[in-house]
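J.: Dropping in coords-v9.cif, which is mmCIF, C-alpha atoms:
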data_input
#
loop_
_atom_site.label_atom_id
_atom_site.label_comp_id
_atom_site.auth_asym_id
_atom_site.auth_seq_id
_atom_site.Cartn_x
_atom_site.Cartn_y
_atom_site.Cartn_z
CA MET H 1216 0.00 0.00 0.00
CA ILE H 1217 2.83 2.38 0.88
CA TYR H 1218 4.38 1.74 -2.55
CA VAL H 1219 1.14 2.67 -4.29
CA LYS H 1220 1.00 5.89 -2.27
CA PHE H 1221 4.62 6.65 -3.14
CA ILE H 1222 4.03 6.06 -6.86
CA LEU H 1223 0.93 8.24 -6.80
CA LEU H 1224 2.85 11.04 -5.09
CA ALA H 1225 5.66 10.73 -7.65
CA LEU H 1226 3.16 10.94 -10.53
CA VAL H 1227 1.49 14.03 -9.04
CA TRP H 1228 4.92 15.60 -8.50
CA LEU H 1229 5.85 14.89 -12.14
CA ALA H 1230 2.61 16.42 -13.38
CA ILE H 1231 3.12 19.57 -11.29
CA SER H 1232 6.76 19.85 -12.42
CA SER H 1233 5.83 19.51 -16.09
CA ALA H 1234 3.10 22.12 -15.77
CA ILE H 1235 5.41 24.64 -14.08
CA TYR H 1236 8.25 24.04 -16.57
CA GLU H 1237 5.90 24.34 -19.54
CA ARG H 1238 4.38 27.56 -18.22
CA PHE H 1239 7.75 29.28 -17.82
CA TYR H 1240 9.10 27.83 -21.09
CA ARG H 1241 6.20 29.33 -23.02
CA ARG H 1242 6.48 32.66 -21.24
CA TYR H 1243 10.12 32.96 -22.29
CA ARG H 1244 10.12 31.27 -25.71
CA ASN H 1245 6.56 32.05 -26.88
CA THR H 1246 6.64 28.98 -29.13
CA ASP H 1247 2.84 28.84 -29.11
CA LYS H 1248 2.32 32.36 -30.48
CA SER H 1249 1.32 33.19 -34.04
CA HIS H 1250 -0.85 35.71 -35.85
CA ALA H 1251 -4.56 34.94 -35.33
CA PHE H 1252 -5.41 35.70 -38.97
CA GLU H 1253 -8.75 33.83 -38.66
CA GLN H 1254 -10.06 36.48 -36.27
CA LYS H 1255 -8.06 39.56 -37.34
CA THR H 1256 -8.51 39.51 -41.11
CA ILE H 1257 -11.42 41.55 -42.49
CA VAL H 1258 -13.99 39.10 -43.91
CA ARG H 1259 -17.24 39.83 -45.75
CA SER H 1260 -19.52 36.87 -46.28
CA GLN H 1261 -22.89 35.92 -47.70
CA PRO H 1262 -25.32 34.11 -45.36
CA ALA H 1263 -24.08 30.53 -45.03
CA GLY H 1264 -25.88 27.70 -46.83
CA CYS H 1265 -26.89 25.13 -44.22
CA VAL H 1266 -28.05 21.50 -44.28
CA ASP H 1267 -28.84 19.82 -40.95
CA LEU H 1268 -30.23 16.26 -41.11
CA LYS H 1269 -30.93 14.17 -38.03
CA ILE H 1270 -29.51 10.73 -38.81
CA ASN H 1271 -29.32 8.88 -35.51
CA GLU H 1272 -29.63 8.96 -31.72
CA ILE H 1273 -27.30 8.00 -28.90
CA GLU H 1274 -28.62 6.65 -25.64
CA ALA H 1275 -26.85 6.49 -22.28
CA THR H 1276 -23.34 7.38 -23.36
CA GLU H 1277 -20.79 8.41 -20.74
CA ARG H 1278 -19.06 10.69 -23.25
CA SER H 1279 -19.98 14.36 -22.66
CA ARG H 1280 -18.73 15.63 -26.06
CA ILE H 1281 -18.70 14.34 -29.64
CA ALA H 1282 -15.63 12.27 -30.51
CA GLY H 1283 -13.04 14.24 -32.50
CA ASP H 1284 -14.60 17.66 -31.86
CA ASN H 1285 -12.64 20.04 -34.12
CA ALA H 1286 -15.05 22.96 -34.39
CA HIS H 1287 -12.56 25.33 -32.74
CA GLU H 1288 -9.42 23.83 -34.34
CA PHE H 1289 -9.57 26.12 -37.36
CA ARG H 1290 -6.07 25.23 -38.59
CA ASP H 1291 -6.43 21.44 -38.40
CA ARG H 1292 -7.15 20.27 -41.94
CA VAL H 1293 -9.54 17.41 -42.67
CA LEU H 1294 -10.24 15.55 -45.92
CA ASP H 1295 -10.21 17.93 -48.88
CA LYS H 1296 -13.36 16.72 -50.58
CA PRO H 1297 -16.22 18.93 -51.72
CA SER H 1298 -19.68 18.42 -50.30
CA LYS H 1299 -22.38 18.74 -52.97
CA ARG H 1300 -25.58 19.13 -50.95
CA ALA H 1301 -25.19 22.54 -49.26
CA THR H 1302 -26.05 25.27 -51.76
CA MET W 1101 22.81 45.97 -53.02
CA SER W 1102 21.89 42.44 -51.97
CA PHE W 1103 24.19 40.11 -50.08
CA HIS W 1104 24.08 36.40 -49.27
CA CYS W 1105 25.00 35.98 -45.62
CA THR W 1106 27.51 33.18 -45.07
CA GLY W 1107 26.69 33.36 -41.35
CA CYS W 1108 23.02 32.36 -41.49
CA GLY W 1109 22.16 31.97 -45.18
CA ALA W 1110 19.79 34.95 -45.45
CA ASP W 1111 19.60 37.16 -48.54
CA VAL W 1112 19.73 40.74 -47.31
CA THR W 1113 19.25 43.98 -49.26
CA ILE W 1114 21.10 47.07 -48.04
CA ASN W 1115 21.09 50.66 -49.23
CA THR W 1116 24.85 51.19 -49.48
CA GLN W 1117 24.41 54.89 -50.24
CA ASN W 1118 23.52 55.46 -46.60
CA ALA W 1119 25.40 52.65 -44.89
CA LEU W 1120 29.14 52.51 -44.40
CA THR W 1121 29.08 48.90 -43.26
CA ALA W 1122 26.84 46.14 -44.53
CA ARG W 1123 25.64 43.86 -41.76
CA CYS W 1124 23.12 41.00 -41.68
CA HIS W 1125 20.06 42.02 -39.65
CA TRP W 1126 19.48 38.40 -38.63
CA CYS W 1127 22.85 37.30 -37.27
CA ARG W 1128 24.91 40.56 -37.44
CA HIS W 1129 27.53 39.00 -39.71
CA ILE W 1130 29.45 41.74 -41.60
CA PHE W 1131 29.38 41.16 -45.35
CA GLY W 1132 32.36 40.91 -47.63
CA ILE W 1133 32.32 42.04 -51.25
CA ASN W 1134 32.30 38.43 -52.46
CA GLU W 1135 28.91 37.85 -50.85
CA GLN W 1136 27.15 40.36 -53.09
CA ILE W 1137 24.32 38.95 -55.23
CA PRO W 1138 21.89 40.47 -57.77
CA ASN W 1139 19.08 42.55 -56.26
CA GLY W 1140 15.69 40.99 -55.63
CA ALA W 1141 12.35 42.05 -57.03
CA VAL W 1142 11.17 45.55 -56.20
CA PRO W 1143 7.92 45.48 -54.16
CA ASP W 1144 4.71 47.20 -55.25
CA ALA W 1145 4.25 49.07 -51.98
CA ILE W 1146 5.92 49.94 -48.70
CA LEU W 1147 4.59 50.80 -45.26
CA PRO W 1148 6.95 53.31 -43.60
CA PHE W 1149 8.04 53.07 -39.95
CA ARG W 1150 5.92 54.89 -37.39
CA ILE W 1151 7.68 53.59 -34.26
CA ALA W 1152 10.99 55.38 -33.60
CA LYS W 1153 14.16 53.55 -32.60
CA ASP W 1154 14.18 54.70 -28.94
CA ASN W 1155 10.58 53.53 -28.61
CA ALA W 1156 11.52 50.12 -30.06
CA VAL W 1157 14.57 49.87 -27.78
CA ALA W 1158 12.37 50.63 -24.76
CA ARG W 1159 9.83 47.97 -25.76
CA ILE W 1160 12.52 45.32 -26.29
CA SER W 1161 14.23 46.21 -23.00
CA LYS W 1162 10.93 45.92 -21.14
CA PHE W 1163 10.15 42.60 -22.85
CA VAL W 1164 13.50 41.14 -21.78
CA LYS W 1165 13.51 42.70 -18.31
CA VAL W 1166 10.42 40.78 -17.20
CA ARG W 1167 11.98 37.57 -18.54
CA SER W 1168 15.50 38.00 -17.23
CA PHE W 1169 15.44 35.62 -14.22
CA PHE W 1170 15.63 32.38 -16.24
CA ALA W 1171 17.28 33.91 -19.31
CA LEU W 1172 20.51 32.38 -20.58
CA SER W 1173 23.50 34.09 -18.94
CA ALA W 1174 25.30 34.57 -22.27
CA PHE W 1175 22.17 36.22 -23.68
CA LYS W 1176 21.96 38.62 -20.74
CA ARG W 1177 25.65 39.49 -21.04
CA ALA W 1178 25.38 40.14 -24.78
CA PHE W 1179 22.02 41.93 -24.58
CA SER W 1180 22.31 45.35 -26.15
CA PRO W 1181 18.90 46.51 -27.38
CA GLU W 1182 20.41 49.58 -29.03
CA ASN W 1183 21.66 47.14 -31.69
CA VAL W 1184 18.07 46.66 -32.87
CA VAL W 1185 17.86 47.12 -36.62
CA ARG W 1186 15.25 48.63 -38.95
CA VAL W 1187 14.20 45.93 -41.36
CA TYR W 1188 11.66 45.87 -44.13
CA LEU W 1189 10.33 42.33 -44.47
CA PRO W 1190 8.66 41.15 -47.69
CA TYR W 1191 5.02 40.07 -47.59
CA MET W 1192 2.28 39.35 -50.06
CA VAL W 1193 -0.95 41.12 -49.16
CA VAL W 1194 -3.87 39.25 -50.69
CA ASP W 1195 -7.52 40.06 -51.34
CA ALA W 1196 -9.44 36.91 -52.22
CA SER W 1197 -12.92 35.74 -53.07
CA ALA W 1198 -13.69 32.11 -52.26
CA CYS W 1199 -16.35 29.50 -51.61
CA ALA W 1200 -15.85 26.99 -48.78
CA ARG W 1201 -17.83 23.77 -48.40
CA LEU W 1202 -17.69 21.65 -45.27
CA SER W 1203 -19.47 18.59 -44.00
CA GLY W 1204 -19.37 16.59 -40.80
CA ARG W 1205 -21.28 15.44 -37.73
CA GLY W 1206 -22.87 17.44 -34.95
CA GLU W 1207 -24.49 16.29 -31.70
CA LYS W 1208 -27.25 17.85 -29.60
CA GLN W 1209 -27.82 16.71 -26.03
CA THR W 1210 -31.40 15.61 -25.32
CA ARG W 1211 -31.06 14.24 -21.79
CA ARG W 1212 -28.58 14.02 -18.95
CA PHE W 1213 -29.08 11.65 -16.04
CA GLU W 1214 -27.28 9.93 -13.16
CA ARG W 1215 -27.14 6.16 -12.66
CA ASP W 1216 -24.93 4.30 -10.17
CA LYS W 1217 -23.07 7.57 -9.40
CA LYS W 1218 -22.19 8.02 -13.07
CA THR W 1219 -23.41 10.67 -15.49
CA TYR W 1220 -24.95 9.55 -18.77
CA TYR W 1221 -26.15 11.47 -21.81
CA ASP W 1222 -28.71 10.97 -24.59
CA ALA W 1223 -28.08 12.89 -27.82
CA ASP W 1224 -29.28 13.35 -31.40
CA ILE W 1225 -26.71 12.97 -34.18
CA TYR W 1226 -26.90 15.26 -37.21
CA HIS W 1227 -25.22 15.22 -40.58
CA ILE W 1228 -24.32 18.85 -41.26
CA GLU W 1229 -23.16 20.68 -44.36
CA ARG W 1230 -22.16 24.30 -44.76
CA ARG W 1231 -21.37 26.49 -47.71
CA LEU W 1232 -19.84 29.95 -47.29
CA ASP W 1233 -19.16 32.49 -50.05
CA PHE W 1234 -16.81 35.13 -48.70
CA THR W 1235 -14.09 37.65 -49.42
CA VAL W 1236 -11.01 38.45 -47.34
CA ASP W 1237 -9.32 41.81 -47.31
CA ASP W 1238 -5.55 42.17 -46.88
CA LEU W 1239 -4.56 38.69 -45.76
CA ILE W 1240 -0.81 38.89 -45.09
CA LEU W 1241 1.51 36.07 -46.21
CA GLU W 1242 5.27 35.93 -45.59
CA SER W 1243 7.04 35.90 -48.95
CA SER W 1244 10.55 35.08 -47.82
CA SER W 1245 11.09 31.31 -47.79
CA GLN W 1246 13.36 31.60 -44.76
CA ARG W 1247 10.69 33.41 -42.78
CA ASN W 1248 7.70 31.53 -44.19
CA ASN W 1249 8.43 28.29 -42.36
CA LEU W 1250 7.15 28.90 -38.84
CA GLU W 1251 8.78 25.70 -37.59
CA GLU W 1252 12.30 27.04 -38.20
CA HIS W 1253 14.25 29.18 -35.74
CA THR W 1254 11.76 31.44 -33.96
CA ASN W 1255 9.99 32.63 -37.11
CA ASN W 1256 6.65 32.34 -35.35
CA ILE W 1257 7.74 35.39 -33.32
CA ILE W 1258 7.88 37.58 -36.42
CA ASN W 1259 4.56 36.13 -37.59
CA SER W 1260 2.91 36.92 -34.27
CA ILE W 1261 3.48 40.71 -34.50
CA LEU W 1262 1.10 40.86 -37.47
CA PRO W 1263 -1.17 42.51 -38.54
CA PHE W 1264 -0.09 45.83 -40.06
CA ASP W 1265 -2.30 48.71 -41.19
CA THR W 1266 -1.65 47.81 -44.81
CA LYS W 1267 -4.32 50.25 -46.01
CA ASN W 1268 -1.82 53.04 -45.30
CA ALA W 1269 0.89 51.55 -47.52
CA LEU W 1270 2.50 53.83 -50.07
CA LYS W 1271 3.76 53.22 -53.56
CA TRP W 1272 7.27 51.79 -53.39
CA ASP W 1273 9.98 54.42 -53.17
CA ALA W 1274 13.62 53.59 -52.40
CA SER W 1275 13.96 56.74 -50.28
CA TYR W 1276 12.05 54.97 -47.47
CA MET W 1277 14.95 52.54 -47.25
CA VAL W 1278 17.30 55.11 -45.69
CA ASP W 1279 19.06 53.52 -42.67
CA ALA W 1280 17.08 50.31 -43.18
CA THR W 1281 17.86 46.87 -44.50
CA SER W 1282 15.41 44.55 -46.16
CA GLU W 1283 14.81 40.89 -46.75
CA LYS W 1284 14.66 39.72 -50.33
CA ARG W 1285 11.35 38.24 -51.54
CA ASP W 1286 11.94 34.79 -53.02
CA LEU W 1287 8.40 33.36 -52.94
CA ASN W 1288 6.02 34.24 -55.71
CA VAL W 1289 2.28 33.73 -56.21
CA PRO W 1290 2.44 30.06 -57.34
CA GLN W 1291 4.48 29.04 -54.28
CA LEU W 1292 2.02 30.75 -51.93
CA GLN W 1293 -1.20 29.35 -53.42
CA SER W 1294 -1.41 26.31 -51.13
CA GLN W 1295 -0.78 28.47 -48.06
CA LEU W 1296 -3.50 30.86 -49.22
CA ARG W 1297 -5.98 27.97 -49.65
CA ASP W 1298 -5.08 26.68 -46.22
CA GLN W 1299 -5.58 30.07 -44.56
CA LEU W 1300 -8.85 30.68 -46.42
CA LEU W 1301 -10.17 27.36 -45.14
CA SER W 1302 -9.19 28.37 -41.60
CA VAL W 1303 -10.96 31.71 -42.05
CA ALA W 1304 -14.09 29.91 -43.32
CA ARG W 1305 -14.05 27.50 -40.38
CA ALA W 1306 -13.87 30.45 -37.97
CA GLN W 1307 -16.71 32.26 -39.78
CA LEU W 1308 -18.92 29.17 -39.72
CA LEU W 1309 -18.59 28.75 -35.97
CA ARG W 1310 -21.66 30.94 -35.43
CA THR W 1311 -23.78 28.57 -37.57
CA ILE W 1312 -23.10 25.52 -35.39
CA GLN W 1313 -23.74 26.94 -31.91
CA GLN W 1314 -26.85 24.74 -31.51
CA TYR W 1315 -24.67 21.62 -31.41
CA ASP W 1316 -23.93 21.77 -27.70
CA ARG W 1317 -21.98 18.47 -27.74
CA GLY W 1318 -19.68 19.79 -30.49
CA VAL W 1319 -19.05 19.32 -34.19
CA ARG W 1320 -16.58 17.08 -35.99
CA TRP W 1321 -15.78 18.39 -39.49
CA GLU W 1322 -14.90 15.44 -41.74
CA GLN W 1323 -14.61 16.98 -45.20
CA GLU W 1324 -13.73 20.45 -46.39
CA ASN W 1325 -12.95 22.14 -49.64
CA ILE W 1326 -12.15 25.66 -50.81
CA GLU W 1327 -12.74 27.05 -54.29
CA VAL W 1328 -10.74 30.23 -54.82
CA LYS W 1329 -12.66 32.36 -57.32
CA GLY W 1330 -10.40 35.39 -57.59
CA THR W 1331 -7.35 36.98 -55.99
CA ARG W 1332 -5.39 40.22 -56.02
CA TRP W 1333 -1.77 40.11 -54.84
CA ILE W 1334 0.36 43.06 -53.76
CA SER W 1335 4.00 42.58 -52.77
CA MET W 1336 4.74 44.85 -49.86
CA TYR W 1337 7.62 45.74 -47.56
CA LEU W 1338 6.41 45.95 -43.96
CA PRO W 1339 8.44 47.61 -41.15
CA VAL W 1340 9.91 45.61 -38.27
CA TRP W 1341 12.40 46.50 -35.57
CA LEU W 1342 14.42 43.34 -35.08
CA TYR W 1343 16.79 42.17 -32.38
CA ALA W 1344 18.47 38.82 -33.01
CA TYR W 1345 20.55 36.54 -30.82
CA HIS W 1346 22.25 33.51 -32.30
CA HIS W 1347 22.42 30.68 -29.76
CA HIS W 1348 24.94 28.05 -30.69
CA THR W 1349 25.71 24.95 -28.61
CA GLU W 1350 26.86 21.41 -29.44
CA ASN W 1351 23.28 20.17 -29.55
CA GLU W 1352 21.38 23.24 -30.64
CA GLU W 1353 21.72 26.09 -33.08
CA LEU W 1354 18.91 28.59 -32.97
CA THR W 1355 18.39 32.25 -33.75
CA HIS W 1356 16.13 33.94 -31.24
CA TYR W 1357 14.26 37.03 -32.40
CA ILE W 1358 12.64 39.86 -30.53
CA ALA W 1359 10.51 41.81 -32.99
CA VAL W 1360 8.61 45.08 -32.74
CA ASN W 1361 5.90 45.93 -35.26
CA GLY W 1362 7.15 49.18 -36.83
CA ARG W 1363 3.60 50.57 -36.99
CA THR W 1364 1.71 49.37 -33.93
CA GLY W 1365 4.57 48.68 -31.51
CA GLU W 1366 3.30 45.13 -30.90
CA THR W 1367 6.27 43.30 -29.39
CA MET W 1368 6.97 39.59 -29.25
CA GLY W 1369 10.15 37.62 -28.73
CA SER W 1370 11.94 34.46 -27.84
CA VAL W 1371 14.33 34.62 -24.90
CA PRO W 1372 16.76 31.68 -24.58
CA ILE W 1373 16.44 29.86 -21.26
CA GLN W 1374 19.11 28.80 -18.74
CA LYS W 1375 17.65 25.30 -18.63
CA TRP W 1376 19.41 23.98 -15.52
CA LYS W 1377 18.18 26.99 -13.55
CA LEU W 1378 14.58 26.51 -14.64
CA THR W 1379 14.80 22.75 -13.98
CA VAL W 1380 16.11 23.23 -10.42
CA PHE W 1381 13.43 25.86 -9.74
CA THR W 1382 10.71 23.56 -11.10
CA VAL W 1383 11.84 20.58 -9.04
CA VAL W 1384 12.07 22.58 -5.81
CA VAL W 1385 8.79 24.47 -6.24
CA SER W 1386 6.77 21.41 -7.28
CA ALA W 1387 8.17 19.40 -4.35
CA ALA W 1388 7.29 22.25 -1.97
CA LEU W 1389 3.76 22.49 -3.39
CA LEU W 1390 3.27 18.75 -3.07
CA ALA W 1391 4.55 18.74 0.51
CA ALA W 1392 2.25 21.63 1.42
CA ALA W 1393 -0.74 19.89 -0.17
CA SER W 1394 0.04 16.61 1.67
CA TRP W 1395 0.37 18.45 4.98
CA ALA W 1396 -2.91 20.31 4.40
CA MET W 1397 -4.78 17.09 3.56
CA ARG W 1398 -3.44 15.42 6.69
CA TYR W 1399 -4.03 18.14 9.26
CA LEU W 1400 -6.85 20.35 7.92
#
Starting from the file, lay out its structure as structure tokens.

T.:
Amino acid sequence: MIYVKFILLALVWLAISSAIYERFYRRYRNTDKSHAFEQKTIVRSQPAGCVDLKINEIEATERSRIAGDNAHEFRDRVLDKPSKRAT
Amino acid sequence: MSFHCTGCGADVTINTQNALTARCHWCRHIFGINEQIPNGAVPDAILPFRIAKDNAVARISKFVKVRSFFALSAFKRAFSPENVVRVYLPYMVVDASACARLSGRGEKQTRRFERDKKTYYDADIYHIERRLDFTVDDLILESSSQRNNLEEHTNNIINSILPFDTKNALKWDASYMVDATSEKRDLNVPQLQSQLRDQLLSVARAQLLRTIQQYDRGVRWEQENIEVKGTRWISMYLPVWLYAYHHHTENEELTHYIAVNGRTGETMGSVPIQKWKLTVFTVVVSAALLAAASWAMRYL
């Protein structure tokens, strides 16, 4: 039991260490910074064409979010295939 | 005149009518006559400096001052912000008209309930498609291959001081180059097309966010496509105050930049870290935090 407690403490200590190191590393090196062109570029758009079709239901899932949610990951590219339905 | 720097490989353009010595603004290597190369393309427009040198020096000094504790000792010893240089960096400023089409899955929660101390959810699954016709105004793309790759050196720093007020750009005139150096443009429209498509898709994804708010369990885009209908490209020199520090060790060779937007004063930089110092600090502080938390859980 004491070994389990020791291992748990070591894991928590590692997690805290990593978080502190990462925080200072980013503050000094700013490796995560880049121009937010998605928000800062002037865009004029027509009203979006939308298709929303209910295709299924999920019951009693423990997952609180959709798998692979990428709605806010604007720079992550997905398959480059045109959709034909939305006009 | 343009020179090829044997120190870092950059192609640098210098107005030798106003400069007695020719020095690389990236690594401060002093050029020899044998490093001279033909001049690069003349840009269409230029955005003159608005931020004066003493203002830029003050901003860089302040940026470094608040990051000095863990900064590399050699960097602190060599730090001389008055060596900041006026640089015009080459960009392509693009207006574009495009049509984006996306499709994917969205989920709406219909019920949430507890069973055996666990939380469960019911949800409806939707197939969603979106089409957006849009135009972008003055999207700025780096047009120097050395600066375009954000993974190399600390190029992301120079990218992060964008945007510029490009609407105030003036027709190119060499007289604006007095006391300034410039980076040669070596990327043209064909080489920047894929980057433009990529950025337009990102812009479309951001714009379409407001059309998917009803999917409270999130959206997974699975397919996307952009059709670029028309573009207008302007090559432009944009003003940057640049301080560079070349960090060379056995395992690592990296040029750290601190850059000040020559129009807005936006400042960003990369300060090299004294890694052993940060590691010791991290180990001690995390151990102290853990000990304090253990003590609190035991006695409070």

J.: Using only C-alpha atoms, can you list as a PyMOL selection string the residues within 12 Å of (-28.4, 20.2, -21.7)?

T.: (chain H and resi 1279-1280) or (chain W and resi 1207-1213+1220-1224+1314-1317)

J.: What residues come out when you apply the PyMOL selection byres ((chain H) within 7 of (chain W)) to this file, written as a PyMOL selection string?

T.: chain H and resi 1228+1231-1232+1235-1236+1243-1245+1248-1250+1253+1256-1261+1263-1277+1279-1281+1283-1286+1289-1290+1293-1298+1301-1302

J.: Taking all atoms listed in the file into account, which of W:Pro1190, W:Pro1143, W:Pro1290, W:Pro1148 comes nearest Asp1111 (chain W)?

T.: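 Looking at the shortest contact to Asp1111 (chain W), the residue is W:Pro1190.
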
J.: As an exercise, work out the distance from CA of Lys1271 (chain W) to CA of Asp1144 (chain W) in Å and give it to one decimal place.

T.: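 Answer for the CA of Lys1271 (chain W) to CA of Asp1144 (chain W) separation: 6.3 Å.
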
J.: Please, what distance in Å, to one decimal, runs between CA of Leu1342 (chain W) and CA of Val1187 (chain W)?

T.: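 Computing the Euclidean distance for CA of Leu1342 (chain W) and CA of Val1187 (chain W) yields 6.8 Å.
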
J.: Between CA of Tyr1191 (chain W) and CA of Ala1269 (chain W), what is the spacing in Å?

T.: 12.2 Å

J.: Using all atoms listed in the file, list the residues that have an atom at most 7 Å from (-4.3, 39.1, -55.7), coordinates as in the file, as a PyMOL selection string.

T.: chain W and resi 1194-1196+1331-1334

J.: How would you write, as a ChimeraX atom specification, the residues chosen by the PyMOL selection byres ((chain W and resi 1343) around 9) on this structure?

T.: /W:1125-1126,1160,1180-1185,1341-1342,1344-1345,1356-1360,1369

J.: Take every atom of region 1203-1222 of chain W listed in the file, fit an axis-aligned box around them, add 5 Å per side, and give the centre and edge lengths in Å to one decimal as lines of an AutoDock Vina configuration file.

T.:
center_x = -25.4
center_y = 11.4
center_z = -26.7
size_x = 22.0
size_y = 24.3
size_z = 44.6

J.: Quick one: region 1282-1293 of chain H with N, CA and C atoms, as a PDB file, in the coordinates of the input?

T.:
ATOM      1  N   ALA H1282     -17.014  12.726 -30.297  1.00  0.00           N
ATOM      2  CA  ALA H1282     -15.630  12.270 -30.510  1.00  0.00           C
ATOM      3  C   ALA H1282     -14.999  13.069 -31.645  1.00  0.00           C
ATOM      4  N   GLY H1283     -13.765  13.521 -31.439  1.00  0.00           N
ATOM      5  CA  GLY H1283     -13.040  14.240 -32.500  1.00  0.00           C
ATOM      6  C   GLY H1283     -13.543  15.647 -32.745  1.00  0.00           C
ATOM      7  N   ASP H1284     -14.092  16.290 -31.713  1.00  0.00           N
ATOM      8  CA  ASP H1284     -14.600  17.660 -31.860  1.00  0.00           C
ATOM      9  C   ASP H1284     -13.479  18.580 -32.373  1.00  0.00           C
ATOM     10  N   ASN H1285     -13.681  19.153 -33.564  1.00  0.00           N
ATOM     11  CA  ASN H1285     -12.640  20.040 -34.120  1.00  0.00           C
ATOM     12  C   ASN H1285     -13.236  21.382 -34.561  1.00  0.00           C
ATOM     13  N   ALA H1286     -14.373  21.723 -33.987  1.00  0.00           N
ATOM     14  CA  ALA H1286     -15.050  22.960 -34.390  1.00  0.00           C
ATOM     15  C   ALA H1286     -14.196  24.194 -34.130  1.00  0.00           C
ATOM     16  N   HIS H1287     -13.397  24.159 -33.073  1.00  0.00           N
ATOM     17  CA  HIS H1287     -12.560  25.330 -32.740  1.00  0.00           C
ATOM     18  C   HIS H1287     -11.121  25.172 -33.230  1.00  0.00           C
ATOM     19  N   GLU H1288     -10.785  24.049 -33.828  1.00  0.00           N
ATOM     20  CA  GLU H1288      -9.420  23.830 -34.340  1.00  0.00           C
ATOM     21  C   GLU H1288      -9.378  24.268 -35.799  1.00  0.00           C
ATOM     22  N   PHE H1289      -9.422  25.584 -35.997  1.00  0.00           N
ATOM     23  CA  PHE H1289      -9.570  26.120 -37.360  1.00  0.00           C
ATOM     24  C   PHE H1289      -8.426  25.716 -38.284  1.00  0.00           C
ATOM     25  N   ARG H1290      -7.244  25.487 -37.736  1.00  0.00           N
ATOM     26  CA  ARG H1290      -6.070  25.230 -38.590  1.00  0.00           C
ATOM     27  C   ARG H1290      -5.831  23.742 -38.833  1.00  0.00           C
ATOM     28  N   ASP H1291      -6.585  22.877 -38.166  1.00  0.00           N
ATOM     29  CA  ASP H1291      -6.430  21.440 -38.400  1.00  0.00           C
ATOM     30  C   ASP H1291      -7.204  21.060 -39.657  1.00  0.00           C
ATOM     31  N   ARG H1292      -6.502  20.605 -40.672  1.00  0.00           N
ATOM     32  CA  ARG H1292      -7.150  20.270 -41.940  1.00  0.00           C
ATOM     33  C   ARG H1292      -7.755  18.881 -41.881  1.00  0.00           C
ATOM     34  N   VAL H1293      -8.913  18.717 -42.530  1.00  0.00           N
ATOM     35  CA  VAL H1293      -9.540  17.410 -42.670  1.00  0.00           C
ATOM     36  C   VAL H1293      -9.579  17.066 -44.162  1.00  0.00           C
TER      37      VAL H1293
END
